[in-house]
Amino acid sequence: MTEVDAGRWWGLLGDRVRGELVDVRTMADGASGSAVYGLTVVEPAGEFVLKVASQPWLRERARRELTFYRELASHGPVLVPEFLMGGEADGSTYLLLTAAGLPTEAERWSKQRWIELATELGWLHREQVLALAIDRGATGLEPASAEKLAAGEHAWRELGYERLLAPLWANFEALDAAIRELPACLCHGDCHLGNLLTDPADRFVWIDWQEVHVGHGPGDLALLWHRAEVDGVNPPREAMLTAYAVARGIPDDVILRRAAVAAELTLVMLEWPTFFPYLPEPARARIRNRLERLVPAWRR
Ligand SMILES: Nc1ncnc2c1ncn2[C@@H]1O[C@H](COP(=O)(O)OP(=O)(O)OP(=O)(O)O)[C@@H](O)[C@H]1O
Ligand SMILES: [Mg+2]
């Protein structure tokens, strides 16, 4: 999709939007995901974001995000962009939101800023949100397939981690069981800093709800930490876990800590090998170092 297409989309929305489109910026080109455009409109003035999913394999995720904005967004405990409209048109699923802030820059964050973020995540994971989400149709994800496990095991073996990881692969269900010790909750599902904006009042705005699902929570923390670490940023995990537990209304105890270790291990063992070819060596080394610390923490 091109910027011309974004203009065409604005026309397609017809009477339901007001104003003349004067500028279009590509925010994500749609090569590997949805196409995302920033739109500037005059008379009346407005800044919008149009997200369009055209490939068949994206439509389900796009529909999940649309359902989130329609059914849940305005009831949730975290700030999200205002949903203007969305639906199916022209063989695509589209979403029109207000432009809600700028990308977050975590390099210079204070410890307190990280704690604020962990607190908001804890609010999202509270049981009251889950009750509403289930009522509005939120569902869980499929468990990782046998092929995915085999691919992860193969990749880490190639990297020389056969001995370290063999006991974990042999009892992979134990990781899942530790995560399930926590109560169920509504998870963001793609919780990394690239999906977090900062608004003019310096508040967090949570975006990109394509992976929202019912889970148990620590996967959101694990992804947040790992993606930050890959970028060379070091989040204060301990303090975040404590703030998270308080905000979520669960004990800050060994069950939570073990679930967090299990979620990190699951992420490293199953997801990271796929992305290694695209990462510079220092980033890969940070993930390997983390793995080497997680395994003994899990065995303790
Ligand atoms: N409502 C919004 N206000 C301001 N910027 C936005 C908004 N929605 C999206 N963006 C910008 O567009 C980018 C891509 O949007 P989004 O994360 O929703 O799509 P995506 O398909 O996940 O793209 P990517 O794979 O690049 O993350 C965001 O990282 C953000 O910079
Ligand atoms: Mg995104």
# chains A, B, ... in the order shown; residues from 1 in each chain; ligands from 1

$ select_by_dssp --residues "region 15-260 of chain A" --states "helix (DSSP H, G or I)" --output "JSON, numbers by chain"
{"A": [15, 16, 56, 57, 58, 59, 60, 61, 62, 63, 64, 65, 66, 67, 68, 69, 70, 71, 72, 73, 74, 75, 106, 107, 108, 111, 112, 113, 114, 115, 116, 117, 118, 119, 120, 121, 122, 123, 124, 127, 128, 129, 130, 131, 132, 133, 134, 135, 146, 147, 148, 149, 150, 151, 152, 153, 154, 155, 156, 157, 158, 162, 163, 164, 165, 166, 167, 168, 169, 170, 173, 174, 175, 176, 177, 178, 179, 180, 193, 194, 195, 218, 219, 220, 221, 222, 223, 224, 225, 226, 227, 228, 229, 230, 237, 238, 239, 240, 241, 242, 243, 244, 245, 246, 247, 248, 254, 255, 256, 257, 258, 259, 260]}

$ closest_atom_pairs --of "chain A" --to "ligand 2" --cutoff "9 Å" --atoms "only C-alpha atoms and all ligand atoms" --output "CSV"
residue,atom,partner,partner_atom_place_in_ligand_line,distance
A:Ala28,CA,ligand 2,1 (Mg),8.6
A:Gly33,CA,ligand 2,1 (Mg),8.8
A:Asp190,CA,ligand 2,1 (Mg),7.6
A:Cys191,CA,ligand 2,1 (Mg),9.0
A:His192,CA,ligand 2,1 (Mg),8.3
A:Leu193,CA,ligand 2,1 (Mg),8.9
A:Gly194,CA,ligand 2,1 (Mg),5.9
A:Asn195,CA,ligand 2,1 (Mg),4.9
A:Leu196,CA,ligand 2,1 (Mg),8.5
A:Ile207,CA,ligand 2,1 (Mg),7.2
A:Asp208,CA,ligand 2,1 (Mg),5.1
A:Trp209,CA,ligand 2,1 (Mg),8.4
A:Gln210,CA,ligand 2,1 (Mg),8.6

$ write_last_selection --atoms "N, CA, C and O atoms" --output "PDB file, in the first residue's frame"
ATOM      1  N   ALA A  28       4.188   2.595   9.170  1.00  0.00           N
ATOM      2  CA  ALA A  28       4.617   1.211   8.977  1.00  0.00           C
ATOM      3  C   ALA A  28       4.152   0.867   7.562  1.00  0.00           C
ATOM      4  O   ALA A  28       3.013   1.141   7.196  1.00  0.00           O
ATOM      5  N   GLY A  33       3.467  -6.415   8.189  1.00  0.00           N
ATOM      6  CA  GLY A  33       2.313  -6.287   9.073  1.00  0.00           C
ATOM      7  C   GLY A  33       1.283  -5.381   8.435  1.00  0.00           C
ATOM      8  O   GLY A  33       1.199  -5.291   7.209  1.00  0.00           O
ATOM      9  N   ASP A 190       1.638  -7.904  22.967  1.00  0.00           N
ATOM     10  CA  ASP A 190       2.784  -7.424  22.175  1.00  0.00           C
ATOM     11  C   ASP A 190       3.367  -6.227  22.912  1.00  0.00           C
ATOM     12  O   ASP A 190       3.524  -5.130  22.368  1.00  0.00           O
ATOM     13  N   CYS A 191       3.649  -6.488  24.176  1.00  0.00           N
ATOM     14  CA  CYS A 191       3.956  -5.415  25.122  1.00  0.00           C
ATOM     15  C   CYS A 191       5.427  -5.031  25.058  1.00  0.00           C
ATOM     16  O   CYS A 191       6.241  -5.542  25.818  1.00  0.00           O
ATOM     17  N   HIS A 192       5.758  -4.160  24.108  1.00  0.00           N
ATOM     18  CA  HIS A 192       7.127  -3.629  24.059  1.00  0.00           C
ATOM     19  C   HIS A 192       7.047  -2.123  23.848  1.00  0.00           C
ATOM     20  O   HIS A 192       5.988  -1.584  23.518  1.00  0.00           O
ATOM     21  N   LEU A 193       8.183  -1.475  24.038  1.00  0.00           N
ATOM     22  CA  LEU A 193       8.162  -0.007  24.073  1.00  0.00           C
ATOM     23  C   LEU A 193       7.748   0.610  22.742  1.00  0.00           C
ATOM     24  O   LEU A 193       7.257   1.725  22.710  1.00  0.00           O
ATOM     25  N   GLY A 194       7.919  -0.138  21.644  1.00  0.00           N
ATOM     26  CA  GLY A 194       7.474   0.361  20.350  1.00  0.00           C
ATOM     27  C   GLY A 194       5.959   0.463  20.255  1.00  0.00           C
ATOM     28  O   GLY A 194       5.420   1.112  19.363  1.00  0.00           O
ATOM     29  N   ASN A 195       5.283  -0.175  21.184  1.00  0.00           N
ATOM     30  CA  ASN A 195       3.821  -0.122  21.193  1.00  0.00           C
ATOM     31  C   ASN A 195       3.296   0.726  22.353  1.00  0.00           C
ATOM     32  O   ASN A 195       2.188   0.525  22.851  1.00  0.00           O
ATOM     33  N   LEU A 196       4.129   1.657  22.739  1.00  0.00           N
ATOM     34  CA  LEU A 196       3.778   2.559  23.827  1.00  0.00           C
ATOM     35  C   LEU A 196       4.104   3.974  23.364  1.00  0.00           C
ATOM     36  O   LEU A 196       5.227   4.237  22.941  1.00  0.00           O
ATOM     37  N   ILE A 207      -0.780   1.220  22.573  1.00  0.00           N
ATOM     38  CA  ILE A 207      -1.306   0.982  21.218  1.00  0.00           C
ATOM     39  C   ILE A 207      -1.019  -0.459  20.776  1.00  0.00           C
ATOM     40  O   ILE A 207      -0.384  -1.218  21.494  1.00  0.00           O
ATOM     41  N   ASP A 208      -1.478  -0.768  19.584  1.00  0.00           N
ATOM     42  CA  ASP A 208      -1.197  -2.045  18.900  1.00  0.00           C
ATOM     43  C   ASP A 208      -1.771  -3.236  19.690  1.00  0.00           C
ATOM     44  O   ASP A 208      -1.028  -4.028  20.280  1.00  0.00           O
ATOM     45  N   TRP A 209      -3.074  -3.369  19.633  1.00  0.00           N
ATOM     46  CA  TRP A 209      -3.787  -4.389  20.407  1.00  0.00           C
ATOM     47  C   TRP A 209      -4.115  -5.624  19.584  1.00  0.00           C
ATOM     48  O   TRP A 209      -5.059  -6.344  19.881  1.00  0.00           O
ATOM     49  N   GLN A 210      -3.312  -5.895  18.553  1.00  0.00           N
ATOM     50  CA  GLN A 210      -3.609  -7.042  17.680  1.00  0.00           C
ATOM     51  C   GLN A 210      -3.440  -8.393  18.367  1.00  0.00           C
ATOM     52  O   GLN A 210      -3.975  -9.385  17.908  1.00  0.00           O
TER      53      GLN A 210
END

$ closest_atom_pairs --of "region 6-118 of chain A" --to "region 225-235 of chain A" --cutoff "9 Å" --atoms "only C-alpha atoms" --output "CSV"
residue,atom,partner,partner_atom,distance
A:Ala106,CA,A:Val233,CA,7.3
A:Glu107,CA,A:Val233,CA,6.1
A:Arg108,CA,A:Val233,CA,8.9
A:Lys111,CA,A:Pro235,CA,7.7
A:Trp114,CA,A:Pro235,CA,6.8

$ closest_atom_pairs --of "region 80-134 of chain A" --to "region 170-189 of chain A" --cutoff "8 Å" --atoms "only C-alpha atoms" --output "CSV"
residue,atom,partner,partner_atom,distance
A:Leu124,CA,A:Leu186,CA,6.8
A:His125,CA,A:Cys185,CA,5.0
A:Arg126,CA,A:Cys185,CA,6.5
A:Glu127,CA,A:Cys185,CA,6.1
A:Val129,CA,A:Leu186,CA,6.7
A:Leu130,CA,A:Cys185,CA,5.1
A:Ala133,CA,A:Leu186,CA,6.9

$ residues_near_ligand --ligand "ligand 1" --cutoff "8 Å" --atoms "only C-alpha atoms and all ligand atoms" --output "PyMOL selection string"
chain A and resi 27-30+32-38+48-51+80-82+97-103+194-197+207-210

$ write_last_selection --atoms "N, CA and C atoms" --output "compact mmCIF listing (two decimals), in the first residue's frame"
# COMPACT_ATOMS: atom_id res chain seq x y z
N MET A 27 3.83 5.23 8.58
CA MET A 27 4.41 4.90 9.89
C MET A 27 4.84 3.44 9.93
N ALA A 28 4.19 2.59 9.17
CA ALA A 28 4.62 1.21 8.98
C ALA A 28 4.15 0.87 7.56
N ASP A 29 5.08 0.30 6.76
CA ASP A 29 4.76 0.18 5.33
C ASP A 29 3.91 -1.03 4.96
N GLY A 30 3.66 -1.89 5.95
CA GLY A 30 2.80 -3.03 5.66
C GLY A 30 3.53 -4.19 5.04
N SER A 32 5.55 -6.35 6.48
CA SER A 32 5.45 -7.53 7.34
C SER A 32 4.24 -7.47 8.25
N GLY A 33 3.47 -6.42 8.19
CA GLY A 33 2.31 -6.29 9.07
C GLY A 33 1.28 -5.38 8.43
N SER A 34 0.52 -4.71 9.28
CA SER A 34 -0.47 -3.77 8.75
C SER A 34 0.25 -2.55 8.18
N ALA A 35 -0.40 -1.89 7.23
CA ALA A 35 0.09 -0.59 6.78
C ALA A 35 -0.48 0.45 7.75
N VAL A 36 0.38 1.35 8.23
CA VAL A 36 -0.08 2.36 9.20
C VAL A 36 0.30 3.74 8.68
N TYR A 37 -0.67 4.64 8.62
CA TYR A 37 -0.45 5.99 8.10
C TYR A 37 -0.84 7.04 9.10
N GLY A 38 -0.02 8.10 9.18
CA GLY A 38 -0.40 9.29 9.92
C GLY A 38 -1.09 10.24 8.94
N PHE A 48 -4.81 11.98 12.58
CA PHE A 48 -5.36 10.63 12.72
C PHE A 48 -4.33 9.57 12.34
N VAL A 49 -4.65 8.34 12.73
CA VAL A 49 -3.83 7.21 12.31
C VAL A 49 -4.75 6.17 11.69
N LEU A 50 -4.41 5.75 10.48
CA LEU A 50 -5.18 4.74 9.76
C LEU A 50 -4.34 3.47 9.67
N LYS A 51 -4.94 2.37 10.11
CA LYS A 51 -4.22 1.09 10.11
C LYS A 51 -5.02 0.14 9.23
N VAL A 80 -5.67 4.68 25.90
CA VAL A 80 -5.47 4.19 24.53
C VAL A 80 -5.96 5.29 23.57
N PRO A 81 -5.56 5.25 22.31
CA PRO A 81 -6.05 6.27 21.37
C PRO A 81 -7.57 6.20 21.24
N GLU A 82 -8.16 7.32 20.90
CA GLU A 82 -9.62 7.32 20.70
C GLU A 82 -9.94 6.57 19.40
N LEU A 97 -7.95 5.82 14.13
CA LEU A 97 -7.75 6.26 15.52
C LEU A 97 -7.32 7.72 15.52
N THR A 98 -7.46 8.40 16.64
CA THR A 98 -6.82 9.71 16.74
C THR A 98 -5.33 9.50 16.97
N ALA A 99 -4.52 10.42 16.46
CA ALA A 99 -3.09 10.38 16.77
C ALA A 99 -2.96 10.74 18.24
N ALA A 100 -2.25 9.88 18.98
CA ALA A 100 -2.38 9.97 20.44
C ALA A 100 -1.06 10.25 21.15
N GLY A 101 0.02 10.44 20.43
CA GLY A 101 1.28 10.72 21.13
C GLY A 101 2.47 10.38 20.25
N LEU A 102 3.64 10.46 20.84
CA LEU A 102 4.89 10.22 20.13
C LEU A 102 5.56 8.97 20.66
N PRO A 103 6.43 8.36 19.85
CA PRO A 103 7.14 7.16 20.34
C PRO A 103 7.87 7.45 21.65
N GLY A 194 7.92 -0.14 21.64
CA GLY A 194 7.47 0.36 20.35
C GLY A 194 5.96 0.46 20.25
N ASN A 195 5.28 -0.18 21.18
CA ASN A 195 3.82 -0.12 21.19
C ASN A 195 3.30 0.73 22.35
N LEU A 196 4.13 1.66 22.74
CA LEU A 196 3.78 2.56 23.83
C LEU A 196 4.10 3.97 23.36
N LEU A 197 3.13 4.86 23.42
CA LEU A 197 3.38 6.26 23.06
C LEU A 197 3.38 7.09 24.34
N ILE A 207 -0.78 1.22 22.57
CA ILE A 207 -1.31 0.98 21.22
C ILE A 207 -1.02 -0.46 20.78
N ASP A 208 -1.48 -0.77 19.58
CA ASP A 208 -1.20 -2.04 18.90
C ASP A 208 -1.77 -3.24 19.69
N TRP A 209 -3.07 -3.37 19.63
CA TRP A 209 -3.79 -4.39 20.41
C TRP A 209 -4.11 -5.62 19.58
N GLN A 210 -3.31 -5.89 18.55
CA GLN A 210 -3.61 -7.04 17.68
C GLN A 210 -3.44 -8.39 18.37

$ residues_around --residues "Ala297 (chain A)" --least-positions-apart "6" --cutoff "10 Å" --atoms "only C-alpha atoms" --output "PDB file with all heavy atoms, in the first residue's frame"
ATOM      1  N   ARG A 257       7.467 -14.510  41.091  1.00  0.00           N
ATOM      2  CA  ARG A 257       8.839 -14.472  40.595  1.00  0.00           C
ATOM      3  C   ARG A 257       9.146 -15.692  39.720  1.00  0.00           C
ATOM      4  O   ARG A 257       9.793 -15.595  38.681  1.00  0.00           O
ATOM      5  CB  ARG A 257       9.830 -14.356  41.763  1.00  0.00           C
ATOM      6  CG  ARG A 257      10.147 -12.888  42.017  1.00  0.00           C
ATOM      7  CD  ARG A 257      10.205 -12.512  43.463  1.00  0.00           C
ATOM      8  NE  ARG A 257       9.455 -11.275  43.707  1.00  0.00           N
ATOM      9  CZ  ARG A 257       9.904 -10.060  43.431  1.00  0.00           C
ATOM     10  NH1 ARG A 257      11.089  -9.883  42.916  1.00  0.00           N
ATOM     11  NH2 ARG A 257       9.153  -9.005  43.644  1.00  0.00           N
ATOM     12  N   ARG A 258       8.637 -16.838  40.134  1.00  0.00           N
ATOM     13  CA  ARG A 258       8.857 -18.060  39.352  1.00  0.00           C
ATOM     14  C   ARG A 258       8.108 -17.996  38.010  1.00  0.00           C
ATOM     15  O   ARG A 258       8.627 -18.415  36.979  1.00  0.00           O
ATOM     16  CB  ARG A 258       8.399 -19.269  40.172  1.00  0.00           C
ATOM     17  CG  ARG A 258       9.156 -20.499  39.832  1.00  0.00           C
ATOM     18  CD  ARG A 258       9.041 -21.602  40.839  1.00  0.00           C
ATOM     19  NE  ARG A 258       9.382 -22.866  40.197  1.00  0.00           N
ATOM     20  CZ  ARG A 258      10.613 -23.194  39.820  1.00  0.00           C
ATOM     21  NH1 ARG A 258      11.620 -22.380  40.011  1.00  0.00           N
ATOM     22  NH2 ARG A 258      10.851 -24.352  39.228  1.00  0.00           N
ATOM     23  N   VAL A 261      10.163 -15.809  35.716  1.00  0.00           N
ATOM     24  CA  VAL A 261      11.321 -16.532  35.163  1.00  0.00           C
ATOM     25  C   VAL A 261      10.851 -17.492  34.063  1.00  0.00           C
ATOM     26  O   VAL A 261      11.450 -17.576  32.987  1.00  0.00           O
ATOM     27  CB  VAL A 261      12.075 -17.300  36.282  1.00  0.00           C
ATOM     28  CG1 VAL A 261      13.108 -18.248  35.685  1.00  0.00           C
ATOM     29  CG2 VAL A 261      12.751 -16.315  37.234  1.00  0.00           C
ATOM     30  N   ALA A 262       9.754 -18.193  34.328  1.00  0.00           N
ATOM     31  CA  ALA A 262       9.224 -19.146  33.335  1.00  0.00           C
ATOM     32  C   ALA A 262       8.811 -18.422  32.052  1.00  0.00           C
ATOM     33  O   ALA A 262       9.052 -18.918  30.944  1.00  0.00           O
ATOM     34  CB  ALA A 262       8.039 -19.908  33.932  1.00  0.00           C
ATOM     35  N   LEU A 291      19.740 -15.722  29.272  1.00  0.00           N
ATOM     36  CA  LEU A 291      19.383 -17.140  29.327  1.00  0.00           C
ATOM     37  C   LEU A 291      20.260 -17.874  30.344  1.00  0.00           C
ATOM     38  O   LEU A 291      19.767 -18.681  31.136  1.00  0.00           O
ATOM     39  CB  LEU A 291      19.529 -17.768  27.938  1.00  0.00           C
ATOM     40  CG  LEU A 291      19.287 -19.274  27.855  1.00  0.00           C
ATOM     41  CD1 LEU A 291      17.844 -19.604  28.231  1.00  0.00           C
ATOM     42  CD2 LEU A 291      19.582 -19.805  26.454  1.00  0.00           C
TER      43      LEU A 291
END

$ residues_around --residues "Val24 (chain A)" --least-positions-apart "3" --cutoff "8 Å" --atoms "only C-alpha atoms" --output "PDB file with N, CA and C atoms, in the first residue's frame"
ATOM      1  N   GLU A   3       1.021   5.829  -0.051  1.00  0.00           N
ATOM      2  CA  GLU A   3       0.342   6.980   0.542  1.00  0.00           C
ATOM      3  C   GLU A   3      -0.859   7.410  -0.297  1.00  0.00           C
ATOM      4  N   ALA A   6      -3.692   5.585   0.971  1.00  0.00           N
ATOM      5  CA  ALA A   6      -4.225   6.143   2.214  1.00  0.00           C
ATOM      6  C   ALA A   6      -5.233   7.246   1.887  1.00  0.00           C
ATOM      7  N   GLY A   7      -4.910   8.039   0.881  1.00  0.00           N
ATOM      8  CA  GLY A   7      -5.840   9.080   0.441  1.00  0.00           C
ATOM      9  C   GLY A   7      -7.138   8.477  -0.076  1.00  0.00           C
ATOM     10  N   LEU A  21      -8.043  15.988   3.578  1.00  0.00           N
ATOM     11  CA  LEU A  21      -6.759  15.340   3.854  1.00  0.00           C
ATOM     12  C   LEU A  21      -5.648  16.145   3.186  1.00  0.00           C
ATOM     13  N   TYR A  37      -0.669   4.642   8.616  1.00  0.00           N
ATOM     14  CA  TYR A  37      -0.448   5.993   8.096  1.00  0.00           C
ATOM     15  C   TYR A  37      -0.838   7.044   9.103  1.00  0.00           C
ATOM     16  N   GLY A  38      -0.023   8.098   9.176  1.00  0.00           N
ATOM     17  CA  GLY A  38      -0.405   9.290   9.919  1.00  0.00           C
ATOM     18  C   GLY A  38      -1.089  10.242   8.945  1.00  0.00           C
ATOM     19  N   LEU A  39      -2.269  10.724   9.280  1.00  0.00           N
ATOM     20  CA  LEU A  39      -3.037  11.587   8.380  1.00  0.00           C
ATOM     21  C   LEU A  39      -3.238  12.961   9.016  1.00  0.00           C
ATOM     22  N   THR A  40      -2.972  14.006   8.244  1.00  0.00           N
ATOM     23  CA  THR A  40      -3.259  15.369   8.719  1.00  0.00           C
ATOM     24  C   THR A  40      -4.424  15.913   7.907  1.00  0.00           C
TER      25      THR A  40
END

$ closest_residue --among "A:Val246, A:Met240, A:Leu121, A:Ala131" --to "Gly217 (chain A)" --atoms "only C-alpha atoms"
A:Leu121

$ closest_residue --among "A:Ser92, A:Glu47, A:Glu120, A:Trp298" --to "Arg203 (chain A)" --atoms "only C-alpha atoms"
A:Glu120
